[in-house]
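Okay, protein-v9.txt is below, compact mmCIF, N, CA and C atoms:
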```txt
# COMPACT_ATOMS: atom_id res chain seq x y z
N MET Z 4 2.19 -16.32 7.07
CA MET Z 4 2.54 -15.21 6.20
C MET Z 4 2.20 -13.91 6.91
N ILE Z 5 3.05 -12.91 6.74
CA ILE Z 5 2.85 -11.59 7.33
C ILE Z 5 2.82 -10.56 6.22
N ASP Z 6 1.84 -9.67 6.26
CA ASP Z 6 1.75 -8.58 5.29
C ASP Z 6 2.16 -7.31 6.02
N ASP Z 7 3.12 -6.56 5.46
CA ASP Z 7 3.61 -5.34 6.13
C ASP Z 7 2.73 -4.12 5.87
N GLY Z 8 1.62 -4.31 5.15
CA GLY Z 8 0.72 -3.20 4.87
C GLY Z 8 1.15 -2.36 3.68
N GLU Z 9 2.30 -2.65 3.10
CA GLU Z 9 2.80 -1.91 1.95
C GLU Z 9 2.91 -2.81 0.73
N GLY Z 10 2.19 -3.93 0.73
CA GLY Z 10 2.18 -4.82 -0.41
C GLY Z 10 3.28 -5.87 -0.40
N THR Z 11 4.07 -5.91 0.67
CA THR Z 11 5.14 -6.91 0.78
C THR Z 11 4.69 -8.01 1.73
N SER Z 12 4.83 -9.24 1.31
CA SER Z 12 4.45 -10.37 2.14
C SER Z 12 5.70 -11.14 2.55
N PHE Z 13 5.76 -11.52 3.81
CA PHE Z 13 6.88 -12.28 4.34
C PHE Z 13 6.40 -13.65 4.78
N HIS Z 14 7.20 -14.67 4.50
CA HIS Z 14 6.88 -16.03 4.90
C HIS Z 14 7.87 -16.48 5.96
N LYS Z 15 7.36 -17.15 6.99
CA LYS Z 15 8.21 -17.67 8.04
C LYS Z 15 8.98 -18.88 7.49
N VAL Z 16 10.28 -18.92 7.76
CA VAL Z 16 11.12 -20.02 7.29
C VAL Z 16 11.97 -20.56 8.43
N ARG Z 17 12.45 -21.79 8.27
CA ARG Z 17 13.35 -22.40 9.23
C ARG Z 17 14.47 -23.07 8.45
N LEU Z 18 15.71 -22.75 8.79
CA LEU Z 18 16.86 -23.33 8.13
C LEU Z 18 17.13 -24.73 8.67
N ALA Z 19 17.96 -25.49 7.98
CA ALA Z 19 18.34 -26.82 8.42
C ALA Z 19 19.02 -26.76 9.79
N THR Z 20 19.62 -25.62 10.12
CA THR Z 20 20.29 -25.44 11.42
C THR Z 20 19.29 -25.19 12.54
N GLY Z 21 18.02 -24.97 12.19
CA GLY Z 21 16.99 -24.69 13.18
C GLY Z 21 16.71 -23.21 13.34
N GLU Z 22 17.56 -22.36 12.75
CA GLU Z 22 17.36 -20.91 12.85
C GLU Z 22 16.07 -20.52 12.13
N LYS Z 23 15.29 -19.62 12.75
CA LYS Z 23 14.01 -19.18 12.19
C LYS Z 23 14.09 -17.72 11.77
N GLY Z 24 13.27 -17.37 10.78
CA GLY Z 24 13.23 -15.99 10.33
C GLY Z 24 12.14 -15.80 9.30
N PHE Z 25 12.20 -14.69 8.57
CA PHE Z 25 11.20 -14.37 7.56
C PHE Z 25 11.90 -14.01 6.25
N VAL Z 26 11.27 -14.38 5.12
CA VAL Z 26 11.80 -14.10 3.80
C VAL Z 26 10.70 -13.43 2.99
N ASP Z 27 11.08 -12.38 2.27
CA ASP Z 27 10.15 -11.68 1.39
C ASP Z 27 9.67 -12.66 0.32
N LYS Z 28 8.35 -12.71 0.10
CA LYS Z 28 7.77 -13.62 -0.88
C LYS Z 28 8.41 -13.47 -2.26
N ALA Z 29 8.84 -12.27 -2.61
CA ALA Z 29 9.45 -12.02 -3.91
C ALA Z 29 10.77 -12.78 -4.07
N ASN Z 30 11.37 -13.21 -2.97
CA ASN Z 30 12.65 -13.93 -3.02
C ASN Z 30 12.50 -15.44 -2.87
N LEU Z 31 11.28 -15.94 -2.87
CA LEU Z 31 11.05 -17.38 -2.76
C LEU Z 31 10.79 -17.97 -4.13
N ARG Z 32 11.23 -19.22 -4.31
CA ARG Z 32 10.98 -19.94 -5.56
C ARG Z 32 10.46 -21.32 -5.23
N SER Z 33 9.76 -21.90 -6.14
CA SER Z 33 9.21 -23.24 -5.96
C SER Z 33 10.32 -24.29 -5.96
N ALA Z 34 10.12 -25.36 -5.23
CA ALA Z 34 11.08 -26.47 -5.21
C ALA Z 34 11.11 -27.20 -6.55
N VAL Z 35 10.12 -26.97 -7.38
CA VAL Z 35 10.08 -27.62 -8.70
C VAL Z 35 10.55 -26.66 -9.80
N ASP Z 36 11.33 -25.69 -9.43
CA ASP Z 36 11.85 -24.69 -10.37
C ASP Z 36 13.18 -25.16 -10.94
N TYR Z 37 14.08 -24.27 -11.21
CA TYR Z 37 15.38 -24.62 -11.77
C TYR Z 37 16.32 -25.17 -10.70
N HIS Z 38 17.15 -26.13 -11.08
CA HIS Z 38 18.16 -26.71 -10.19
C HIS Z 38 19.48 -26.80 -10.95
N ALA Z 39 20.55 -26.42 -10.28
CA ALA Z 39 21.88 -26.52 -10.89
C ALA Z 39 22.85 -27.08 -9.86
N ARG Z 40 23.83 -27.81 -10.33
CA ARG Z 40 24.87 -28.32 -9.44
C ARG Z 40 26.22 -27.85 -9.97
N PHE Z 41 27.04 -27.34 -9.04
CA PHE Z 41 28.37 -26.86 -9.36
C PHE Z 41 29.39 -27.64 -8.54
N GLU Z 42 30.55 -27.86 -9.12
CA GLU Z 42 31.65 -28.52 -8.41
C GLU Z 42 32.90 -27.66 -8.52
N ARG Z 43 33.64 -27.62 -7.43
CA ARG Z 43 34.92 -26.91 -7.44
C ARG Z 43 35.99 -27.86 -7.97
N ARG Z 44 36.68 -27.42 -8.98
CA ARG Z 44 37.75 -28.22 -9.60
C ARG Z 44 39.03 -27.40 -9.57
N PRO Z 45 40.18 -28.05 -9.82
CA PRO Z 45 41.45 -27.31 -9.79
C PRO Z 45 41.46 -26.08 -10.71
N GLU Z 46 40.78 -26.18 -11.83
CA GLU Z 46 40.75 -25.05 -12.78
C GLU Z 46 39.67 -24.03 -12.45
N GLY Z 47 38.84 -24.30 -11.43
CA GLY Z 47 37.78 -23.38 -11.02
C GLY Z 47 36.45 -24.10 -10.90
N TRP Z 48 35.38 -23.33 -10.74
CA TRP Z 48 34.05 -23.91 -10.59
C TRP Z 48 33.51 -24.35 -11.94
N LYS Z 49 32.80 -25.48 -11.96
CA LYS Z 49 32.20 -25.99 -13.18
C LYS Z 49 30.76 -26.41 -12.91
N MET Z 50 29.84 -26.01 -13.82
CA MET Z 50 28.46 -26.45 -13.71
C MET Z 50 28.40 -27.90 -14.19
N VAL Z 51 27.89 -28.79 -13.34
CA VAL Z 51 27.81 -30.21 -13.66
C VAL Z 51 26.49 -30.53 -14.34
N TYR Z 52 25.39 -29.94 -13.84
CA TYR Z 52 24.11 -30.12 -14.53
C TYR Z 52 23.17 -28.96 -14.24
N PHE Z 53 22.19 -28.82 -15.10
CA PHE Z 53 21.16 -27.80 -14.96
C PHE Z 53 19.83 -28.42 -15.35
N LEU Z 54 18.84 -28.34 -14.48
CA LEU Z 54 17.52 -28.92 -14.75
C LEU Z 54 16.46 -27.83 -14.71
N ALA Z 55 15.57 -27.86 -15.66
CA ALA Z 55 14.38 -27.01 -15.66
C ALA Z 55 13.20 -27.93 -15.41
N ARG Z 56 12.60 -27.81 -14.23
CA ARG Z 56 11.50 -28.71 -13.86
C ARG Z 56 10.17 -27.98 -13.89
N ASP Z 57 9.12 -28.76 -13.98
CA ASP Z 57 7.76 -28.20 -13.87
C ASP Z 57 6.84 -29.21 -13.28
```

Output the file's structure in the form of structure tokens.
Amino acid sequence: MIDDGEGTSFHKVRLATGEKGFVDKANLRSAVDYHARFERRPEGWKMVYFLARD
């Protein structure tokens, strides 16, 4: 974690592609948070399910 001295904290991340970078802590969410799945259909996008986990 890196603190910029102005109250913003950044966490080092790595994408599935291997690319590395930093993300502001305010933009991170827990893996046990909300999950939704969408599917593209001929009539447009449709939400298939929504889970609220804890």

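Taking atom N of Z:Arg17 and atom C of Z:Tyr52 as endpoints, the distance between them is 25.9 Å.
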
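Compared by their closest atoms to Z:Phe41, and using all atoms listed in the file, the residues Z:Ala29, Z:Phe53, Z:Thr11, Z:Thr20 rank with Z:Phe53 nearest.
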
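Atom CA of Z:Arg56 is found 15.9 Å from atom CA of Z:Leu31.
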
- Note on the structure: Expressed in Å, the length from atom CA of Z:Asn30 to atom CA of Z:His14 is 10.0 Å

- Message: Could you list, as number ranges by chain, every residue within 7 Å of Z:Ala55, counting all atoms listed in the file and ignoring same-chain residues fewer than 4 positions away?
- Response: Z: 35-38

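When only N, CA and C atoms are used to compute distances to Z:Ser12, the closest of the residues Z:Ala34, Z:Gly47, Z:Val26, Z:Ala39 turns out to be Z:Val26.
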
Enclose the full set of atoms of stretch 30-43 of chain Z listed in the file within a box whose edges lie along x, y and z, apply 5 Å of padding to each of the six sides, and report centre and edge lengths in Å to one decimal as JSON.
```
{"center_x": 22.6, "center_y": -20.9, "center_z": -7.3, "size_x": 36.8, "size_y": 25.3, "size_z": 19.0}
```
